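> Dropping in model36.cif, with mmCIF, C-alpha atoms and all ligand atoms.
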```cif
data_input
loop_
_atom_site.group_PDB
_atom_site.id
_atom_site.type_symbol
_atom_site.label_atom_id
_atom_site.label_comp_id
_atom_site.auth_asym_id
_atom_site.auth_seq_id
_atom_site.Cartn_x
_atom_site.Cartn_y
_atom_site.Cartn_z
ATOM 1 C CA MET A 260 39.408 -2.208 -89.218
ATOM 2 C CA LEU A 261 40.152 -4.524 -92.174
ATOM 3 C CA LEU A 262 38.624 -7.965 -91.680
ATOM 4 C CA ARG A 263 39.895 -9.738 -94.777
ATOM 5 C CA ILE A 264 40.632 -9.340 -98.458
ATOM 6 C CA ASP A 265 37.155 -9.360 -99.979
ATOM 7 C CA HIS A 266 38.270 -9.272 -103.603
ATOM 8 C CA VAL A 267 40.934 -8.376 -106.099
ATOM 9 C CA GLY A 268 39.501 -6.237 -108.927
ATOM 10 C CA ILE A 269 40.942 -7.039 -112.357
ATOM 11 C CA ALA A 270 40.342 -4.948 -115.485
ATOM 12 C CA CYS A 271 39.918 -6.806 -118.768
ATOM 13 C CA HIS A 272 38.788 -6.183 -122.351
ATOM 14 C CA ASP A 273 36.641 -9.307 -122.685
ATOM 15 C CA LEU A 274 34.781 -10.491 -119.577
ATOM 16 C CA GLU A 275 33.563 -13.814 -121.003
ATOM 17 C CA GLU A 276 37.040 -14.738 -122.218
ATOM 18 C CA LYS A 277 38.592 -13.972 -118.792
ATOM 19 C CA ILE A 278 35.857 -15.883 -116.934
ATOM 20 C CA GLU A 279 36.609 -18.894 -119.114
ATOM 21 C CA PHE A 280 40.339 -18.489 -118.327
ATOM 22 C CA TYR A 281 39.816 -18.353 -114.533
ATOM 23 C CA GLU A 282 37.400 -21.290 -114.645
ATOM 24 C CA SER A 283 39.592 -23.540 -116.755
ATOM 25 C CA THR A 284 42.942 -22.534 -115.237
ATOM 26 C CA PHE A 285 42.093 -22.249 -111.534
ATOM 27 C CA GLY A 286 38.761 -24.047 -111.264
ATOM 28 C CA LEU A 287 36.980 -20.944 -109.929
ATOM 29 C CA THR A 288 33.196 -20.600 -110.106
ATOM 30 C CA VAL A 289 31.179 -17.513 -111.025
ATOM 31 C CA VAL A 290 28.770 -16.645 -108.209
ATOM 32 C CA SER A 291 27.439 -13.353 -109.552
ATOM 33 C CA ARG A 292 27.287 -11.416 -112.831
ATOM 34 C CA GLU A 293 26.119 -7.818 -112.839
ATOM 35 C CA ILE A 294 26.074 -4.626 -114.829
ATOM 36 C CA ASN A 295 26.845 -1.637 -112.605
ATOM 37 C CA GLU A 296 25.928 1.448 -114.657
ATOM 38 C CA GLU A 297 27.101 3.803 -111.913
ATOM 39 C CA GLN A 298 30.620 2.281 -111.949
ATOM 40 C CA GLY A 299 30.541 1.787 -115.740
ATOM 41 C CA VAL A 300 31.320 -1.932 -115.615
ATOM 42 C CA ARG A 301 30.044 -5.321 -116.634
ATOM 43 C CA GLU A 302 31.452 -7.622 -113.961
ATOM 44 C CA ALA A 303 31.599 -11.093 -112.489
ATOM 45 C CA MET A 304 32.549 -12.316 -109.007
ATOM 46 C CA LEU A 305 34.364 -15.650 -108.874
ATOM 47 C CA HIS A 306 34.533 -17.397 -105.514
ATOM 48 C CA VAL A 307 38.037 -18.172 -104.226
ATOM 49 C CA ALA A 308 37.689 -19.219 -100.575
ATOM 50 C CA ASP A 309 35.624 -18.982 -97.400
ATOM 51 C CA GLY A 310 37.121 -17.667 -94.175
ATOM 52 C CA ALA A 311 35.961 -16.981 -90.623
ATOM 53 C CA GLN A 312 35.175 -13.361 -91.570
ATOM 54 C CA GLY A 313 33.527 -14.161 -94.920
ATOM 55 C CA ALA A 314 34.380 -15.153 -98.460
ATOM 56 C CA SER A 315 36.957 -13.841 -100.904
ATOM 57 C CA TYR A 316 36.591 -13.380 -104.645
ATOM 58 C CA VAL A 317 38.179 -12.343 -107.889
ATOM 59 C CA GLN A 318 36.197 -9.487 -109.464
ATOM 60 C CA LEU A 319 36.598 -9.383 -113.244
ATOM 61 C CA MET A 320 35.505 -6.110 -114.851
ATOM 62 C CA GLU A 321 34.952 -5.091 -118.463
ATOM 63 C CA PRO A 322 34.156 -1.405 -119.165
ATOM 64 C CA LEU A 323 30.691 -0.570 -120.509
ATOM 65 C CA HIS A 324 32.218 2.266 -122.594
ATOM 66 C CA PRO A 325 35.746 3.583 -123.207
ATOM 67 C CA ASP A 326 34.834 6.744 -121.280
ATOM 68 C CA THR A 327 34.543 5.047 -117.868
ATOM 69 C CA VAL A 328 36.978 4.607 -114.989
ATOM 70 C CA VAL A 329 37.932 1.084 -116.104
ATOM 71 C CA GLY A 330 37.906 2.018 -119.807
ATOM 72 C CA LYS A 331 40.396 4.790 -119.159
ATOM 73 C CA PHE A 332 42.529 2.509 -116.957
ATOM 74 C CA LEU A 333 42.719 -0.094 -119.753
ATOM 75 C CA ALA A 334 43.690 2.524 -122.325
ATOM 76 C CA LYS A 335 46.431 3.874 -120.051
ATOM 77 C CA ARG A 336 47.794 0.752 -118.372
ATOM 78 C CA GLY A 337 46.302 -2.269 -120.155
ATOM 79 C CA GLU A 338 44.756 -5.323 -118.493
ATOM 80 C CA GLY A 339 45.686 -6.186 -114.912
ATOM 81 C CA VAL A 340 45.010 -5.554 -111.228
ATOM 82 C CA HIS A 341 42.855 -2.440 -110.836
ATOM 83 C CA HIS A 342 42.027 -2.375 -107.112
ATOM 84 C CA ILE A 343 41.955 -4.310 -103.842
ATOM 85 C CA GLY A 344 38.716 -4.608 -101.880
ATOM 86 C CA TYR A 345 38.943 -5.137 -98.104
ATOM 87 C CA GLY A 346 36.069 -6.332 -95.970
ATOM 88 C CA VAL A 347 34.980 -4.017 -93.135
ATOM 89 C CA ALA A 348 32.143 -4.360 -90.620
ATOM 90 C CA ASP A 349 30.761 -0.850 -91.166
ATOM 91 C CA VAL A 350 31.826 1.005 -94.303
ATOM 92 C CA ALA A 351 30.478 4.430 -93.228
ATOM 93 C CA LYS A 352 32.385 4.210 -89.936
ATOM 94 C CA ALA A 353 35.554 2.982 -91.669
ATOM 95 C CA LEU A 354 35.351 5.926 -94.137
ATOM 96 C CA GLU A 355 35.071 8.378 -91.281
ATOM 97 C CA GLU A 356 38.060 6.861 -89.467
ATOM 98 C CA VAL A 357 40.275 6.698 -92.560
ATOM 99 C CA GLY A 358 39.239 10.182 -93.709
ATOM 100 C CA ALA A 359 40.157 11.585 -90.282
ATOM 101 C CA LYS A 360 43.695 10.271 -90.869
ATOM 102 C CA GLY A 361 43.985 12.444 -93.971
ATOM 103 C CA VAL A 362 43.405 9.830 -96.686
ATOM 104 C CA ARG A 363 41.390 11.298 -99.582
ATOM 105 C CA LEU A 364 38.031 9.606 -99.999
ATOM 106 C CA ILE A 365 36.783 9.123 -103.565
ATOM 107 C CA ASP A 366 33.367 8.325 -102.114
ATOM 108 C CA GLU A 367 32.237 10.432 -99.161
ATOM 109 C CA ARG A 368 29.280 8.090 -98.775
ATOM 110 C CA PRO A 369 28.943 4.367 -99.544
ATOM 111 C CA ARG A 370 27.674 3.264 -102.965
ATOM 112 C CA HIS A 371 26.176 0.049 -104.305
ATOM 113 C CA GLY A 372 28.642 -2.739 -105.097
ATOM 114 C CA SER A 373 28.440 -6.365 -106.187
ATOM 115 C CA MET A 374 26.039 -8.771 -104.508
ATOM 116 C CA GLY A 375 24.277 -6.037 -102.561
ATOM 117 C CA ALA A 376 27.425 -4.833 -100.759
ATOM 118 C CA SER A 377 28.042 -1.238 -99.686
ATOM 119 C CA ILE A 378 31.343 -0.003 -101.066
ATOM 120 C CA ALA A 379 33.572 3.080 -101.020
ATOM 121 C CA PHE A 380 36.910 3.904 -102.645
ATOM 122 C CA LEU A 381 40.018 5.573 -101.214
ATOM 123 C CA HIS A 382 42.313 7.558 -103.501
ATOM 124 C CA PRO A 383 45.296 5.510 -104.748
ATOM 125 C CA LYS A 384 47.608 8.532 -104.399
ATOM 126 C CA ASP A 385 47.106 8.412 -100.611
ATOM 127 C CA VAL A 386 47.424 4.617 -100.363
ATOM 128 C CA GLY A 387 50.846 4.109 -101.905
ATOM 129 C CA GLY A 388 49.533 3.788 -105.461
ATOM 130 C CA VAL A 389 46.857 1.197 -104.615
ATOM 131 C CA LEU A 390 43.234 1.973 -105.460
ATOM 132 C CA THR A 391 41.553 0.682 -102.291
ATOM 133 C CA GLU A 392 37.912 -0.290 -101.861
ATOM 134 C CA LEU A 393 36.162 -0.848 -98.527
ATOM 135 C CA VAL A 394 33.381 -3.435 -98.675
ATOM 136 C CA GLN A 395 30.565 -4.090 -96.248
ATOM 137 C CA THR A 396 28.924 -7.363 -97.236
ATOM 138 C CA ALA A 397 25.123 -7.424 -97.465
ATOM 139 C CA ARG A 398 23.347 -9.098 -94.554
ATOM 140 C CA ARG A 399 21.905 -12.475 -95.472
HETATM 141 N N1 LIG B 401 45.370 2.111 -109.292
HETATM 142 C C1 LIG B 401 46.405 2.910 -108.932
HETATM 143 N N2 LIG B 401 46.568 4.167 -109.393
HETATM 144 C C2 LIG B 401 45.639 4.622 -110.242
HETATM 145 C C3 LIG B 401 44.528 3.869 -110.653
HETATM 146 C C4 LIG B 401 44.411 2.557 -110.143
HETATM 147 N N3 LIG B 401 43.398 1.779 -110.482
HETATM 148 N N4 LIG B 401 43.775 4.590 -111.497
HETATM 149 C C5 LIG B 401 44.383 5.769 -111.630
HETATM 150 N N5 LIG B 401 45.513 5.801 -110.881
HETATM 151 C C6 LIG B 401 46.472 6.896 -110.775
HETATM 152 C C7 LIG B 401 46.971 7.288 -112.146
HETATM 153 O O1 LIG B 401 48.092 6.511 -112.507
HETATM 154 C C8 LIG B 401 47.290 8.745 -111.999
HETATM 155 O O2 LIG B 401 48.566 8.897 -111.435
HETATM 156 P P1 LIG B 401 49.628 9.904 -112.100
HETATM 157 O O3 LIG B 401 48.999 11.271 -111.931
HETATM 158 O O4 LIG B 401 50.851 9.706 -111.287
HETATM 159 O O5 LIG B 401 49.745 9.476 -113.524
HETATM 160 C C9 LIG B 401 46.266 9.235 -110.985
HETATM 161 O O6 LIG B 401 45.819 8.060 -110.280
HETATM 162 C C10 LIG B 401 45.072 9.895 -111.666
HETATM 163 O O7 LIG B 401 44.621 8.974 -112.642
HETATM 164 P P2 LIG B 401 43.740 9.294 -113.925
HETATM 165 O O8 LIG B 401 44.114 8.310 -114.976
HETATM 166 O O9 LIG B 401 43.769 10.754 -114.233
HETATM 167 O O10 LIG B 401 42.325 8.832 -113.435
HETATM 168 P P3 LIG B 401 41.214 9.645 -112.641
HETATM 169 O O11 LIG B 401 41.817 10.612 -111.668
HETATM 170 O O12 LIG B 401 40.229 10.120 -113.619
HETATM 171 O O13 LIG B 401 40.591 8.410 -111.838
HETATM 172 C C11 LIG B 401 40.326 7.370 -109.734
HETATM 173 C C12 LIG B 401 41.305 7.734 -110.856
HETATM 174 C C13 LIG B 401 41.081 6.472 -108.755
HETATM 175 C C14 LIG B 401 39.831 8.643 -109.063
HETATM 176 C C15 LIG B 401 39.152 6.587 -110.383
HETATM 177 O O14 LIG B 401 39.662 5.406 -110.936
HETATM 178 C C16 LIG B 401 38.022 6.261 -109.434
HETATM 179 O O15 LIG B 401 37.193 7.090 -109.099
HETATM 180 N N6 LIG B 401 37.929 4.975 -108.966
HETATM 181 C C17 LIG B 401 36.879 4.527 -108.055
HETATM 182 C C18 LIG B 401 35.727 3.846 -108.767
HETATM 183 C C19 LIG B 401 36.130 2.593 -109.496
HETATM 184 O O16 LIG B 401 37.308 2.228 -109.588
HETATM 185 N N7 LIG B 401 35.115 1.859 -110.061
HETATM 186 C C20 LIG B 401 35.315 0.624 -110.793
HETATM 187 C C21 LIG B 401 35.274 -0.592 -109.874
HETATM 188 C C22 LIG B 401 33.863 -0.881 -109.382
HETATM 189 C C23 LIG B 401 33.771 -2.027 -108.373
HETATM 190 O O17 LIG B 401 34.759 -2.475 -107.797
HETATM 191 O O18 LIG B 401 32.652 -2.507 -108.155
HETATM 192 CO CO CO B 402 35.656 -3.952 -106.470
#
```
Let me see whether you can do it: turn the structure in this file into structure tokens.

Amino acid sequence: MLLRIDHVGIACHDLEEKIEFYESTFGLTVVSREINEEQGVREAMLHVADGAQGASYVQLMEPLHPDTVVGKFLAKRGEGVHHIGYGVADVAKALEEVGAKGVRLIDERPRHGSMGASIAFLHPKDVGGVLTELVQTARR
């Protein structure tokens, strides 16, 4: 079901400062910057590598307000890895399959993610403490 690691989601206080860090330290390049009001984040995708099943990225996220998912995470745990996003061919089908195995779905239906992707989250309490995102890349 999982095709690849699509991205690692990292929570930070200052998006521009962290972009600068990833660019200067690892030579990564920003390929997309977006504000996702629904998810409460200002975010950037930095390209890491291309593979047979698609590309992989680092997703840097700064909360739009303290009272958002990422704002609350930062207050509780501080900066760091927030979630892992795996590439799937069909996110609705993957949700159905995973849900049937008893994993709690945060999203019953796919939502809008970065770069036109369809995304859905699985509850970290049912995935060994890892907030897990399923990502279906937009067709080009
Ligand atoms: N990773 C692992 N565990 C996490 C977590 C995370 N990112 N966030 C919360 N938890 C754990 C908490 O530690 C807590 O565990 P304990 O009860 O043992 O302390 C439990 O989950 C409940 O946490 P909470 O602080 O009360 O937070 P909420 O229940 O309000 O929210 C969650 C948790 C996963 C439901 C929420 O973060 C969510 O809906 N996430 C999906 C959407 C999202 O993350 N959007 C931002 C990214 C957007 C993008 O990638 O594009
Ligand atoms: Co993500």
> Would you give me, as JSON lines, each residue of chain A having an atom within 6 Å of an atom of ligand LIG 401 (chain B), along with its shortest atom pair and that distance in Å to one decimal, using all atoms listed in the file and sorting by chain and residue number?

```
{"residue": "A:Gln298", "atom": "CA", "partner": "B:LIG401", "partner_atom": "N7", "distance": 4.9}
{"residue": "A:Val328", "atom": "CA", "partner": "B:LIG401", "partner_atom": "O14", "distance": 4.9}
{"residue": "A:Val329", "atom": "CA", "partner": "B:LIG401", "partner_atom": "C20", "distance": 5.9}
{"residue": "A:Phe332", "atom": "CA", "partner": "B:LIG401", "partner_atom": "N4", "distance": 6.0}
{"residue": "A:His341", "atom": "CA", "partner": "B:LIG401", "partner_atom": "N3", "distance": 4.3}
{"residue": "A:His342", "atom": "CA", "partner": "B:LIG401", "partner_atom": "N3", "distance": 5.5}
{"residue": "A:Ile365", "atom": "CA", "partner": "B:LIG401", "partner_atom": "O15", "distance": 5.9}
{"residue": "A:Gly372", "atom": "CA", "partner": "B:LIG401", "partner_atom": "O18", "distance": 5.0}
{"residue": "A:Phe380", "atom": "CA", "partner": "B:LIG401", "partner_atom": "C17", "distance": 5.4}
{"residue": "A:His382", "atom": "CA", "partner": "B:LIG401", "partner_atom": "C13", "distance": 5.5}
{"residue": "A:Pro383", "atom": "CA", "partner": "B:LIG401", "partner_atom": "N2", "distance": 5.0}
{"residue": "A:Gly388", "atom": "CA", "partner": "B:LIG401", "partner_atom": "C1", "distance": 4.8}
{"residue": "A:Val389", "atom": "CA", "partner": "B:LIG401", "partner_atom": "C1", "distance": 4.7}
{"residue": "A:Leu390", "atom": "CA", "partner": "B:LIG401", "partner_atom": "N1", "distance": 4.4}
```
> Expanded to explicit residues, what is the PyMOL selection byres (((chain A and resi 351) around 12) and not hetatm) for this file, as a ChimeraX atom specification?
/A:260,347-350,352-358,364,366-370,377-380,393-395
> With distances taken over all atoms listed in the file, which residue among A:Gly344, A:Gly330, A:Gly337, A:Gly313 lies nearest ligand CO 402 (chain B)?
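Between A:Gly344, A:Gly330, A:Gly337, A:Gly313, the residue approaching ligand CO 402 (chain B) most closely is A:Gly344.
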> For ligand CO 402 (chain B), which residue among A:Val289, A:Leu333, A:Val340, A:Ala311 is the nearest when counting only C-alpha atoms and all ligand atoms?
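The answer is A:Val340, which sits nearest to ligand CO 402 (chain B).
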> Selection in question (the file shown): the PyMOL selection byres (((chain A and resi 267-284) around 7) and not hetatm). Which residues does it include, as an MDAnalysis selection string?
chainID A and resid 266 285:288 316:321 329 333 338:344
> Pick from A:Ala359, A:Leu323, A:Val386, A:Met374: nearest to ligand CO 402 (chain B), with only C-alpha atoms and all ligand atoms counted?
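Of A:Ala359, A:Leu323, A:Val386, A:Met374, the one nearest ligand CO 402 (chain B), counting only C-alpha atoms and all ligand atoms, is A:Met374.
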> Go ahead and compute the interatomic distance for atom CA of Thr391 of chain A and atom CA of Gly375 of chain A, in Å to one decimal.
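Between atom CA of Thr391 of chain A and atom CA of Gly375 of chain A the gap works out to 18.5 Å.
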> Determine the nearest neighbour of ligand CO 402 (chain B) from the options A:Val300, A:Pro325, A:Asp309, A:Arg363, counting all atoms listed in the file.
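That would be A:Val300, the residue with the smallest distance to ligand CO 402 (chain B).
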> With distances taken over all atoms listed in the file, which of A:His324, A:Lys335, A:Lys384, A:His371 is nearest to ligand CO 402 (chain B)?
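Among A:His324, A:Lys335, A:Lys384, A:His371, it is A:His371 that comes nearest to ligand CO 402 (chain B).
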> Let me know the centre plus edge lengths, in Å and rounded to one decimal, of a box with edges along x, y and z that contains all listed atoms of segment 306-315 of chain A and is padded by 6 Å on every side, as JSON.

```
{"center_x": 35.8, "center_y": -16.3, "center_z": -98.1, "size_x": 16.5, "size_y": 17.9, "size_z": 26.9}
```
> Here is a test: counting only C-alpha atoms and all ligand atoms, which residue of A:Leu261, A:Thr327, A:Ala303, A:Asp385 is nearest to ligand CO 402 (chain B)?
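Answer, going by the shortest atom-to-atom distance: A:Ala303.
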> Any chance you could resolve the PyMOL selection byres (((chain A and resi 291) around 9) and not hetatm) against this file and give the residues as number ranges by chain?
A: 289-290, 292-293, 302-305, 373-374
> Considering all atoms listed in the file, return as a list in words whatever protein or nucleic-acid residues lie within 9 Å of Gln312 of chain A, sequence-local ones (same chain, fewer than 5 positions apart) excluded.
Leu262, Arg263 and Gly346 of chain A
> Can you work out the spacing between atom CA of Asp265 of chain A and atom CA of Lys331 of chain A in Å, to one decimal?
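Result for atom CA of Asp265 of chain A versus atom CA of Lys331 of chain A: 24.1 Å, one decimal.
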> Quick one: pull the distance between atom CA of Ser315 of chain A and atom CA of Ile264 of chain A, Å, one decimal.
6.3 Å
